[in-house]
file model02.csv (CSV, C-alpha atoms and all ligand atoms)
chain,number,residue,atom,x,y,z
A,1,MET,CA,3.5,25.6,38.4
A,2,PRO,CA,3.2,29.1,40.1
A,3,PRO,CA,-0.1,30.9,39.4
A,4,GLY,CA,0.0,33.1,36.3
A,5,SER,CA,3.1,31.5,34.8
A,6,PRO,CA,2.7,29.9,31.3
A,7,LEU,CA,2.2,26.2,30.9
A,8,ILE,CA,5.4,24.8,29.6
A,9,VAL,CA,4.9,21.7,27.4
A,10,LEU,CA,7.6,19.5,26.0
A,11,GLY,CA,6.4,17.7,22.8
A,12,ILE,CA,8.1,14.5,21.5
A,13,GLU,CA,7.5,13.1,18.0
A,14,SER,CA,8.8,9.8,16.7
A,15,SER,CA,6.1,8.2,14.6
A,16,CYS,CA,8.0,7.9,11.3
A,17,ASP,CA,11.4,9.1,10.2
A,18,ASP,CA,11.8,12.3,12.0
A,19,THR,CA,12.9,12.6,15.7
A,20,ALA,CA,11.5,15.9,16.9
A,21,ALA,CA,11.2,17.8,20.2
A,22,ALA,CA,9.7,21.2,20.9
A,23,VAL,CA,8.9,23.4,23.8
A,24,LEU,CA,5.8,25.5,23.9
A,25,ALA,CA,4.8,28.1,26.6
A,26,ASP,CA,1.0,28.6,26.6
A,27,GLY,CA,1.0,27.5,22.9
A,28,ARG,CA,3.9,29.8,21.9
A,29,VAL,CA,7.0,28.2,20.4
A,30,LEU,CA,10.1,28.5,22.4
A,31,SER,CA,11.9,25.8,20.4
A,32,ASN,CA,11.1,23.4,17.6
A,33,VAL,CA,13.9,20.9,16.7
A,34,VAL,CA,13.7,18.2,14.1
A,35,ALA,CA,16.4,15.6,13.4
A,36,GLY,CA,15.8,14.0,10.0
A,37,GLN,CA,17.1,10.6,9.0
A,38,ASP,CA,19.0,10.3,5.7
A,39,VAL,CA,19.2,6.5,5.9
A,40,HIS,CA,15.9,6.3,4.0
A,41,ALA,CA,16.8,8.3,0.9
A,42,ARG,CA,17.4,5.2,-1.3
A,43,TRP,CA,14.6,2.7,-0.2
A,44,GLY,CA,12.0,4.8,1.5
A,45,VAL,CA,11.4,4.5,5.3
A,46,VAL,CA,12.8,1.2,6.6
A,47,PRO,CA,11.2,0.7,10.0
A,48,GLU,CA,14.2,-1.0,11.7
A,49,LEU,CA,16.6,1.7,10.6
A,50,ALA,CA,14.1,4.4,11.7
A,51,SER,CA,13.9,2.9,15.3
A,52,ARG,CA,17.6,2.7,15.6
A,53,ALA,CA,18.0,6.3,14.4
A,54,HIS,CA,15.4,7.5,16.8
A,55,GLN,CA,17.3,5.8,19.7
A,56,GLU,CA,20.4,7.7,18.6
A,57,HIS,CA,18.7,11.1,18.1
A,58,ILE,CA,16.1,11.3,20.9
A,59,VAL,CA,18.4,12.4,23.8
A,60,PRO,CA,20.4,15.1,21.8
A,61,THR,CA,17.2,16.3,20.2
A,62,VAL,CA,15.4,16.9,23.5
A,63,GLN,CA,18.5,18.5,25.0
A,64,GLU,CA,18.7,20.8,22.0
A,65,ALA,CA,15.0,21.7,22.3
A,66,LEU,CA,15.5,22.6,26.0
A,67,ARG,CA,18.7,24.5,25.3
A,68,LYS,CA,17.1,26.6,22.5
A,69,ALA,CA,14.0,27.2,24.7
A,70,GLY,CA,16.3,28.4,27.5
A,71,ILE,CA,14.7,26.2,30.1
A,72,ALA,CA,15.9,23.5,32.5
A,73,ARG,CA,14.3,20.0,32.7
A,74,GLY,CA,12.6,21.0,36.0
A,75,ASP,CA,10.7,23.9,34.2
A,76,ILE,CA,8.7,21.4,32.1
A,77,ASP,CA,5.1,21.2,33.3
A,78,VAL,CA,3.8,18.6,30.9
A,79,VAL,CA,5.4,15.9,28.7
A,80,ALA,CA,3.4,15.2,25.5
A,81,PHE,CA,4.3,12.4,23.1
A,82,THR,CA,3.0,10.9,19.9
A,83,GLN,CA,1.1,7.7,20.9
A,84,GLY,CA,0.2,6.8,17.3
A,85,PRO,CA,-0.5,6.1,14.5
A,86,GLY,CA,2.9,5.3,13.0
A,87,LEU,CA,5.7,2.7,12.9
A,88,ILE,CA,5.5,0.7,16.2
A,89,GLY,CA,9.2,0.5,16.8
A,90,ALA,CA,9.6,4.2,16.1
A,91,LEU,CA,6.7,5.1,18.4
A,92,LEU,CA,8.1,3.0,21.2
A,93,VAL,CA,11.3,5.0,21.3
A,94,GLY,CA,9.4,8.3,21.9
A,95,ALA,CA,6.9,6.7,24.2
A,96,CYS,CA,9.5,5.1,26.5
A,97,PHE,CA,11.5,8.3,26.6
A,98,ALA,CA,8.5,10.4,27.4
A,99,ARG,CA,7.2,8.0,30.1
A,100,SER,CA,10.6,7.8,31.8
A,101,LEU,CA,11.0,11.6,31.7
A,102,ALA,CA,7.5,12.3,33.1
A,103,GLN,CA,8.1,9.8,35.8
A,104,ALA,CA,11.6,11.1,36.7
A,105,LEU,CA,10.3,14.7,36.8
A,106,GLY,CA,7.1,13.8,38.5
A,107,LYS,CA,5.1,15.7,35.8
A,108,PRO,CA,2.0,14.7,33.9
A,109,LEU,CA,2.2,12.7,30.7
A,110,VAL,CA,-0.2,13.4,27.8
A,111,ALA,CA,-0.6,10.9,24.8
A,112,VAL,CA,-1.2,12.5,21.4
A,113,ASP,CA,-2.9,11.3,18.2
A,114,HIS,CA,-0.4,12.4,15.5
A,115,VAL,CA,-3.1,13.0,12.8
A,116,ARG,CA,-5.2,15.2,15.1
A,117,ALA,CA,-2.0,17.0,16.1
A,118,HIS,CA,-1.5,17.9,12.4
A,119,VAL,CA,-4.8,19.8,12.6
A,120,LEU,CA,-3.9,21.5,15.9
A,121,ALA,CA,-0.8,22.9,14.2
A,122,HIS,CA,-3.1,25.8,13.2
A,123,PHE,CA,-3.2,26.9,16.8
A,124,ILE,CA,0.6,27.1,17.4
A,125,ARG,CA,1.8,30.6,18.0
A,126,ASP,CA,5.2,32.0,17.2
A,127,ASP,CA,6.5,35.5,16.6
A,128,ALA,CA,4.6,36.1,13.4
A,129,GLU,CA,1.1,37.0,14.5
A,130,ARG,CA,-1.3,34.7,12.5
A,131,GLU,CA,-4.9,34.3,13.1
A,132,SER,CA,-6.1,30.8,14.1
A,133,PRO,CA,-9.0,29.3,12.2
A,134,ARG,CA,-12.5,30.0,13.7
A,135,PHE,CA,-14.7,27.0,14.4
A,136,PRO,CA,-16.2,25.2,12.6
A,137,PHE,CA,-13.7,24.7,9.8
A,138,ILE,CA,-12.8,21.9,7.4
A,139,ASN,CA,-9.3,20.6,7.5
A,140,LEU,CA,-7.7,18.8,4.7
A,141,THR,CA,-5.0,16.7,6.3
A,142,VAL,CA,-2.5,15.5,3.7
A,143,SER,CA,0.6,13.6,4.6
A,144,GLY,CA,2.6,10.6,3.7
A,145,GLY,CA,0.5,8.3,5.8
A,146,HIS,CA,-2.9,10.1,5.9
A,147,THR,CA,-5.4,11.9,3.7
A,148,GLN,CA,-8.5,13.1,5.5
A,149,LEU,CA,-11.2,15.7,5.4
A,150,VAL,CA,-12.0,16.6,9.0
A,151,LEU,CA,-14.8,18.7,10.3
A,152,VAL,CA,-13.3,20.6,13.2
A,153,ARG,CA,-16.0,21.9,15.6
A,154,GLY,CA,-13.6,22.6,18.5
A,155,PRO,CA,-10.0,21.9,19.4
A,156,LEU,CA,-10.8,18.5,20.6
A,157,ASP,CA,-14.0,18.0,18.6
A,158,MET,CA,-13.1,16.5,15.2
A,159,MET,CA,-15.0,14.3,12.9
A,160,VAL,CA,-13.5,12.6,9.8
A,161,ILE,CA,-15.9,13.2,6.9
A,162,GLY,CA,-13.8,11.9,4.1
A,163,THR,CA,-10.7,9.7,3.8
A,164,THR,CA,-8.6,7.9,1.3
A,165,LEU,CA,-9.8,4.3,0.7
A,166,ASP,CA,-6.2,3.2,-0.1
A,167,ASP,CA,-3.0,5.2,-0.5
A,168,ALA,CA,-2.4,8.6,1.1
A,169,ALA,CA,-1.8,11.6,-1.2
A,170,GLY,CA,1.8,11.8,0.0
A,171,GLU,CA,2.3,8.1,-0.8
A,172,ALA,CA,1.1,8.7,-4.3
A,173,PHE,CA,3.7,11.5,-4.7
A,174,ASP,CA,6.4,9.3,-3.1
A,175,LYS,CA,5.6,6.2,-5.1
A,176,GLY,CA,5.4,8.2,-8.3
A,177,ALA,CA,8.8,9.7,-7.6
A,178,LYS,CA,10.3,6.3,-6.8
A,179,LEU,CA,9.2,5.1,-10.2
A,180,LEU,CA,10.9,8.0,-11.8
A,181,GLY,CA,14.1,7.2,-10.0
A,182,LEU,CA,13.9,10.1,-7.5
A,183,SER,CA,15.0,9.6,-3.9
A,184,TYR,CA,12.7,9.5,-0.8
A,185,PRO,CA,10.7,11.6,0.1
A,186,GLY,CA,9.8,12.2,-3.5
A,187,GLY,CA,7.0,14.8,-2.9
A,188,PRO,CA,9.3,17.8,-2.7
A,189,LEU,CA,11.3,16.6,-5.8
A,190,ILE,CA,8.2,16.1,-7.8
A,191,ASP,CA,7.2,19.6,-6.8
A,192,ARG,CA,10.5,21.1,-7.9
A,193,HIS,CA,10.7,19.2,-11.3
A,194,ALA,CA,7.0,20.0,-12.0
A,195,ARG,CA,7.8,23.7,-12.2
A,196,ASP,CA,9.3,23.3,-15.6
A,197,GLY,CA,6.8,20.8,-16.9
A,198,ASP,CA,3.6,20.8,-18.9
A,199,ALA,CA,0.8,19.2,-16.8
A,200,ASP,CA,-1.3,18.5,-19.9
A,201,ARG,CA,1.3,16.3,-21.5
A,202,PHE,CA,0.1,13.0,-19.9
A,203,HIS,CA,-3.4,12.0,-19.1
A,204,LEU,CA,-4.2,10.1,-15.9
A,205,PRO,CA,-7.7,8.6,-15.0
A,206,MET,CA,-9.9,10.3,-12.6
A,207,PRO,CA,-10.9,7.9,-9.7
A,208,ASP,CA,-14.7,7.4,-9.4
A,209,VAL,CA,-15.2,7.5,-5.6
A,210,PRO,CA,-18.6,8.7,-4.3
A,211,GLY,CA,-19.0,11.2,-1.5
A,212,LEU,CA,-16.0,12.8,0.2
A,213,ASP,CA,-13.8,9.7,0.2
A,214,MET,CA,-10.8,9.5,-2.1
A,215,SER,CA,-8.5,7.0,-3.8
A,216,PHE,CA,-5.0,7.3,-5.0
A,217,SER,CA,-3.9,3.8,-5.8
A,218,GLY,CA,-5.4,3.7,-9.3
A,219,ILE,CA,-3.4,6.8,-10.3
A,220,LYS,CA,-0.2,5.1,-9.1
A,221,THR,CA,-1.0,2.0,-11.2
A,222,ALA,CA,-1.9,4.1,-14.3
A,223,PHE,CA,1.2,6.2,-13.8
A,224,ALA,CA,3.4,3.1,-13.4
A,225,GLN,CA,1.9,1.5,-16.6
A,226,LEU,CA,2.4,4.7,-18.6
A,227,VAL,CA,6.1,5.0,-17.5
A,228,ARG,CA,7.0,1.4,-17.9
A,229,LYS,CA,5.4,1.2,-21.4
A,230,GLU,CA,7.1,4.3,-22.7
A,231,GLN,CA,10.4,3.4,-21.0
A,232,ALA,CA,10.4,-0.1,-22.6
A,233,ARG,CA,10.0,1.6,-26.0
A,234,ASP,CA,12.6,4.3,-25.4
A,235,GLU,CA,15.1,4.1,-22.5
A,236,SER,CA,15.5,7.9,-22.4
A,237,PHE,CA,11.8,8.5,-21.8
A,238,ILE,CA,12.0,9.3,-18.1
A,239,GLY,CA,15.1,11.5,-18.5
A,240,ARG,CA,13.4,13.4,-21.4
A,241,GLU,CA,10.0,13.8,-20.0
A,242,LEU,CA,10.7,14.1,-16.3
A,243,PRO,CA,9.3,17.6,-15.7
A,244,HIS,CA,6.2,16.8,-17.7
A,245,LEU,CA,5.6,13.5,-15.8
A,246,CYS,CA,6.0,15.3,-12.5
A,247,ALA,CA,3.7,18.1,-13.5
A,248,SER,CA,1.0,15.7,-14.8
A,249,LEU,CA,1.1,13.6,-11.6
A,250,GLN,CA,1.2,16.6,-9.3
A,251,ARG,CA,-1.7,18.3,-11.0
A,252,HIS,CA,-3.8,15.2,-11.0
A,253,ILE,CA,-3.3,14.6,-7.2
A,254,VAL,CA,-4.0,18.2,-6.4
A,255,ARG,CA,-7.1,18.3,-8.6
A,256,ILE,CA,-8.6,15.4,-6.7
A,257,LEU,CA,-7.9,17.0,-3.4
A,258,MET,CA,-9.3,20.3,-4.4
A,259,LEU,CA,-12.5,18.8,-5.8
A,260,LYS,CA,-13.2,16.8,-2.6
A,261,LEU,CA,-12.3,19.8,-0.5
A,262,ARG,CA,-14.8,22.0,-2.3
A,263,ASP,CA,-17.5,19.3,-2.0
A,264,ALA,CA,-16.8,18.9,1.7
A,265,ALA,CA,-17.1,22.7,2.4
A,266,HIS,CA,-20.4,22.9,0.4
A,267,ALA,CA,-21.8,19.7,2.0
A,268,HIS,CA,-21.2,21.1,5.5
A,269,GLY,CA,-21.9,24.8,4.8
A,270,VAL,CA,-18.4,25.7,6.2
A,271,SER,CA,-16.5,28.7,4.8
A,272,THR,CA,-13.2,28.3,6.8
A,273,ILE,CA,-10.6,25.9,5.4
A,274,GLY,CA,-7.4,24.6,6.9
A,275,ILE,CA,-4.8,22.5,5.3
A,276,ALA,CA,-2.2,20.6,7.2
A,277,GLY,CA,0.3,17.7,6.9
A,278,GLY,CA,3.5,17.4,4.8
A,279,VAL,CA,1.9,17.6,1.4
A,280,SER,CA,0.5,21.0,2.3
A,281,ALA,CA,4.1,22.2,1.5
A,282,ASN,CA,3.3,21.5,-2.2
A,283,SER,CA,3.4,24.7,-4.2
A,284,LEU,CA,0.6,23.8,-6.6
A,285,LEU,CA,-1.6,22.6,-3.7
A,286,ARG,CA,-1.0,26.0,-2.0
A,287,SER,CA,-1.7,28.0,-5.1
A,288,GLU,CA,-4.8,26.0,-6.0
A,289,ALA,CA,-6.2,26.1,-2.5
A,290,THR,CA,-5.6,29.9,-2.4
A,291,ARG,CA,-7.4,30.2,-5.8
A,292,LEU,CA,-10.4,28.0,-4.8
A,293,THR,CA,-10.9,29.7,-1.5
A,294,ALA,CA,-10.7,33.2,-3.0
A,295,GLN,CA,-13.2,32.2,-5.7
A,296,GLU,CA,-15.7,30.9,-3.2
A,297,GLY,CA,-15.1,33.7,-0.7
A,298,TRP,CA,-13.7,31.3,2.0
A,299,ARG,CA,-11.0,31.9,4.5
A,300,LEU,CA,-7.8,29.7,4.1
A,301,HIS,CA,-5.4,28.8,6.9
A,302,LEU,CA,-2.1,27.3,5.9
A,303,PRO,CA,0.4,26.8,8.7
A,304,PRO,CA,4.0,27.7,8.0
A,305,PHE,CA,6.1,24.9,6.5
A,306,ALA,CA,7.9,24.0,9.7
A,307,TYR,CA,4.5,23.1,11.3
A,308,CYS,CA,3.2,21.3,8.2
A,309,THR,CA,5.7,18.4,7.9
A,310,ASP,CA,6.2,16.2,11.0
A,311,ASN,CA,7.2,18.3,13.9
A,312,ALA,CA,7.0,18.2,17.7
A,313,ALA,CA,5.5,21.7,18.1
A,314,MET,CA,2.1,20.3,17.0
A,315,ILE,CA,2.5,17.5,19.5
A,316,ALA,CA,3.2,20.0,22.3
A,317,MET,CA,0.2,22.1,21.1
A,318,ALA,CA,-2.1,19.1,21.2
A,319,GLY,CA,-0.5,18.2,24.6
A,320,ASP,CA,-1.3,21.7,25.9
A,321,LEU,CA,-5.0,21.4,24.9
A,322,LEU,CA,-5.4,17.8,26.1
A,323,PHE,CA,-3.8,18.7,29.5
A,324,ARG,CA,-6.1,21.6,30.0
A,325,ALA,CA,-9.0,19.3,29.2
A,326,GLY,CA,-7.8,16.9,31.9
A,327,ARG,CA,-6.7,14.2,29.5
A,328,ILE,CA,-3.7,12.9,31.4
A,329,ALA,CA,-2.2,9.5,30.4
A,330,GLY,CA,-1.0,6.8,32.7
A,331,LEU,CA,2.7,6.1,32.9
A,332,ASP,CA,2.0,2.7,31.4
A,333,THR,CA,0.5,4.1,28.2
A,334,VAL,CA,1.6,2.1,25.2
A,335,PRO,CA,2.0,3.3,21.6
A,336,VAL,CA,-0.6,2.4,19.0
A,337,ALA,CA,0.5,1.7,15.4
A,338,ARG,CA,-3.0,2.0,14.0
A,339,TRP,CA,-5.4,4.5,15.6
B,1,LIG,O1,3.4,15.1,7.5
B,1,LIG,P1,4.6,14.4,7.0
B,1,LIG,O2,5.9,15.1,7.2
B,1,LIG,O3,4.7,13.0,7.5
B,1,LIG,C1,3.6,12.1,7.7
B,1,LIG,O4,2.9,12.2,8.7
B,1,LIG,O5,3.4,11.3,6.7
B,1,LIG,O6,4.4,14.2,5.4
B,1,LIG,C2,5.4,13.7,4.6
B,1,LIG,C3,4.9,13.6,3.2
B,1,LIG,C4,5.8,12.8,2.3
B,1,LIG,O7,4.9,11.9,1.5
B,1,LIG,C5,6.4,13.9,1.4
B,1,LIG,O8,6.7,13.4,0.1
B,1,LIG,C6,5.2,14.9,1.3
B,1,LIG,O9,4.8,14.9,2.6
B,1,LIG,N1,5.7,16.2,0.9
B,1,LIG,C7,5.4,16.8,-0.3
B,1,LIG,C8,6.0,18.0,-0.4
B,1,LIG,N2,6.8,18.2,0.8
B,1,LIG,C9,6.5,17.1,1.5
B,1,LIG,N3,4.6,16.3,-1.3
B,1,LIG,C10,4.4,17.1,-2.3
B,1,LIG,N4,5.0,18.3,-2.5
B,1,LIG,C11,5.8,18.8,-1.5
B,1,LIG,N5,6.4,20.0,-1.7
B,2,ZN,ZN,2.6,13.5,9.9
call {"tool": "encode", "arguments": {"input": "model02.csv", "output": "structure tokens", "more": "lines below"}}
Ligand code: KG4
Ligand code: ZN
result
Amino acid sequence: MPPGSPLIVLGIESSCDDTAAAVLADGRVLSNVVAGQDVHARWGVVPELASRAHQEHIVPTVQEALRKAGIARGDIDVVAFTQGPGLIGALLVGACFARSLAQALGKPLVAVDHVRAHVLAHFIRDDAERESPRFPFINLTVSGGHTQLVLVRGPLDMMVIGTTLDDAAGEAFDKGAKLLGLSYPGGPLIDRHARDGDADRFHLPMPDVPGLDMSFSGIKTAFAQLVRKEQARDESFIGRELPHLCASLQRHIVRILMLKLRDAAHAHGVSTIGIAGGVSANSLLRSEATRLTAQEGWRLHLPPFAYCTDNAAMIAMAGDLLFRAGRIAGLDTVPVARW
């Protein structure tokens, strides 16, 4: 790399059901391509189908990312990939591709933790000038696989201070949606139907979890019992009450997240808040987080939607920071399903 030229990082993401590739130059996005997989709409993510779709998508997705970035393969300085956590077969596709590419190009390989990368999405730069959060901040990472409160003291200095004891918040949305006959991923559909609903119509129990940890499996069970009981009595129940069911479930999940987020910030004396992960696209979560932080006089950082759901720009961002910290991975690095 000639002195003074930007560090070009190719990021590759394949942990779940999106094949993604992105190119960043010194943290600035040159391209960010995501190939979704519609094969999961009916049943939710089927690991075997996901791996096969990744195999089909990986080469064209990376090619598209390079084309959009306007660079050639030889311009890549670092190859970063998601090492885990995620579906092992899906991770393997990205890992094998990234390792082979790094070897063929003779360029360094960097292995990225997907959940930390969601937090580092705050530092991605694009044309819209946004301020990155100042350290320390508390990040609420909410996705389909993870729900964590993280104390972030530096780009590579993170401590999990609260976590779900069972299901992730996104999983609660997705499972609730499935019960209502909505397709996968259900979170965005719940969000949409909830707009016309009355969140007070149905009562769900508040989980009693001490400290900063959370639980969402009880809500799912209570919601399932409520729906099944009413549906058995009246077959048109879901059709009639859909917006209210969605609004009630959504408000409940968001309320738990906001209570824990507030407690976390108070407990650690932190006044800068970040939210990341796919569920941060939720409109109620966004408005409630905005309200809470305004009320408390805190600063809120919400990355744009494209960097909230699974994407490779965050993997490339993490790759940039890890590379600069000297964290180069061996070409024999294997994926890890559980971090
Ligand atoms: O971060 P992400 O793309 O993948 C994981 O790492 O899991 O998050 C996907 C999750 C899914 O559970 C999806 O239902 C949820 O994010 N999600 C939403 C919304 N958009 C995506 N949940 C609620 N409201 C939304 N608008
Ligand atoms: Zn994710």
call {"tool": "residues_near_ligand", "arguments": {"input": "model02.csv", "ligand": "ligand ZN 2 (chain B)", "cutoff": "6 Å", "atoms": "only C-alpha atoms and all ligand atoms", "output": "list in words"}}
result
Ser143, Gly277 and Asp310 of chain A
call {"tool": "closest_residue", "arguments": {"input": "model02.csv", "among": "A:Ser217, A:Ser51, A:Thr290, A:Asn282", "to": "ligand LIG 1 (chain B)", "atoms": "all atoms listed in the file"}}
result
A:Asn282
call {"tool": "residues_near_ligand", "arguments": {"input": "model02.csv", "ligand": "ligand LIG 1 (chain B)", "cutoff": "8 Å", "atoms": "all atoms listed in the file", "output": "ChimeraX atom specification"}}
result
/A:15-16,114-115,118,142-146,169-174,184-192,250,276-283,285,308-311
call {"tool": "residues_around", "arguments": {"input": "model02.csv", "residues": "Val34 in chain A", "least_positions_apart": "4", "cutoff": "7 Å", "atoms": "only C-alpha atoms", "output": "list in words"}}
result
Asp18, Thr19, Ala20, Ala21 and Asn311 of chain A
call {"tool": "residues_around", "arguments": {"input": "model02.csv", "residues": "Leu180 in chain A", "least_positions_apart": "6", "cutoff": "9 Å", "atoms": "all atoms listed in the file", "output": "mmCIF file with C-alpha atoms, in the frame of the given file"}}
result
data_model
loop_
_atom_site.group_PDB
_atom_site.id
_atom_site.type_symbol
_atom_site.label_atom_id
_atom_site.label_comp_id
_atom_site.auth_asym_id
_atom_site.auth_seq_id
_atom_site.Cartn_x
_atom_site.Cartn_y
_atom_site.Cartn_z
ATOM 1 C CA VAL A 227 6.100 5.000 -17.500
ATOM 2 C CA ILE A 238 12.000 9.300 -18.100
ATOM 3 C CA GLY A 239 15.100 11.500 -18.500
ATOM 4 C CA LEU A 242 10.700 14.100 -16.300
ATOM 5 C CA LEU A 245 5.600 13.500 -15.800
ATOM 6 C CA CYS A 246 6.000 15.300 -12.500
#
call {"tool": "residues_around", "arguments": {"input": "model02.csv", "residues": "Ile256 in chain A", "least_positions_apart": "5", "cutoff": "12 Å", "atoms": "all atoms listed in the file", "output": "list in words"}}
result
Leu140, Thr147, Thr164, Ala169, Leu204, Pro205, Met206, Pro207, Asp208, Val209, Leu212, Asp213, Met214, Ser215, Phe216, Ile219, Leu249, Gln250, Arg251, Leu261, Arg262, Asp263, Leu285, Glu288 and Ala289 of chain A
call {"tool": "write_last_selection", "arguments": {"input": "model02.csv", "atoms": "C-alpha atoms", "output": "mmCIF file, in the coordinates of the input"}}
result
data_model
loop_
_atom_site.group_PDB
_atom_site.id
_atom_site.type_symbol
_atom_site.label_atom_id
_atom_site.label_comp_id
_atom_site.auth_asym_id
_atom_site.auth_seq_id
_atom_site.Cartn_x
_atom_site.Cartn_y
_atom_site.Cartn_z
ATOM 1 C CA LEU A 140 -7.700 18.800 4.700
ATOM 2 C CA THR A 147 -5.400 11.900 3.700
ATOM 3 C CA THR A 164 -8.600 7.900 1.300
ATOM 4 C CA ALA A 169 -1.800 11.600 -1.200
ATOM 5 C CA LEU A 204 -4.200 10.100 -15.900
ATOM 6 C CA PRO A 205 -7.700 8.600 -15.000
ATOM 7 C CA MET A 206 -9.900 10.300 -12.600
ATOM 8 C CA PRO A 207 -10.900 7.900 -9.700
ATOM 9 C CA ASP A 208 -14.700 7.400 -9.400
ATOM 10 C CA VAL A 209 -15.200 7.500 -5.600
ATOM 11 C CA LEU A 212 -16.000 12.800 0.200
ATOM 12 C CA ASP A 213 -13.800 9.700 0.200
ATOM 13 C CA MET A 214 -10.800 9.500 -2.100
ATOM 14 C CA SER A 215 -8.500 7.000 -3.800
ATOM 15 C CA PHE A 216 -5.000 7.300 -5.000
ATOM 16 C CA ILE A 219 -3.400 6.800 -10.300
ATOM 17 C CA LEU A 249 1.100 13.600 -11.600
ATOM 18 C CA GLN A 250 1.200 16.600 -9.300
ATOM 19 C CA ARG A 251 -1.700 18.300 -11.000
ATOM 20 C CA LEU A 261 -12.300 19.800 -0.500
ATOM 21 C CA ARG A 262 -14.800 22.000 -2.300
ATOM 22 C CA ASP A 263 -17.500 19.300 -2.000
ATOM 23 C CA LEU A 285 -1.600 22.600 -3.700
ATOM 24 C CA GLU A 288 -4.800 26.000 -6.000
ATOM 25 C CA ALA A 289 -6.200 26.100 -2.500
#
call {"tool": "closest_residue", "arguments": {"input": "model02.csv", "among": "A:Arg42, A:Ala90, A:Gly84, A:Pro2", "to": "Glu56 in chain A", "atoms": "all atoms listed in the file"}}
result
A:Ala90
call {"tool": "closest_residue", "arguments": {"input": "model02.csv", "among": "A:Leu322, A:Ala199, A:Leu105, A:Ile12", "to": "His57 in chain A", "atoms": "all atoms listed in the file"}}
result
A:Ile12
call {"tool": "atom_distance", "arguments": {"input": "model02.csv", "atom1": "CA of Gly70 in chain A", "atom2": "CA of Phe323 in chain A"}}
result
22.4 Å
call {"tool": "closest_residue", "arguments": {"input": "model02.csv", "among": "A:Leu292, A:Ala98, A:Ala177, A:Leu156", "to": "Pro335 in chain A", "atoms": "all atoms listed in the file"}}
result
A:Ala98
call {"tool": "residues_near_point", "arguments": {"input": "model02.csv", "point": "(4.0, 7.8, -15.9)", "cutoff": "8 Å", "atoms": "all atoms listed in the file", "output": "MDAnalysis selection string"}}
result
chainID A and resid 176 202 222:228 245 249
call {"tool": "residues_near_point", "arguments": {"input": "model02.csv", "point": "(9.0, 18.3, 23.3)", "cutoff": "7 Å", "atoms": "only C-alpha atoms", "output": "JSON, numbers by chain"}}
result
{"A": [9, 10, 11, 12, 21, 22, 23, 62, 65, 79, 80, 312, 316]}
call {"tool": "atom_distance", "arguments": {"input": "model02.csv", "atom1": "CA of Ser248 in chain A", "atom2": "CA of Lys229 in chain A"}}
result
16.5 Å
call {"tool": "closest_residue", "arguments": {"input": "model02.csv", "among": "A:Ala69, A:Cys96, A:Ala337, A:Ile315", "to": "Glu13 in chain A", "atoms": "all atoms listed in the file"}}
result
A:Ile315
call {"tool": "atom_distance", "arguments": {"input": "model02.csv", "atom1": "CA of Ser271 in chain A", "atom2": "CA of Thr163 in chain A"}}
result
19.9 Å
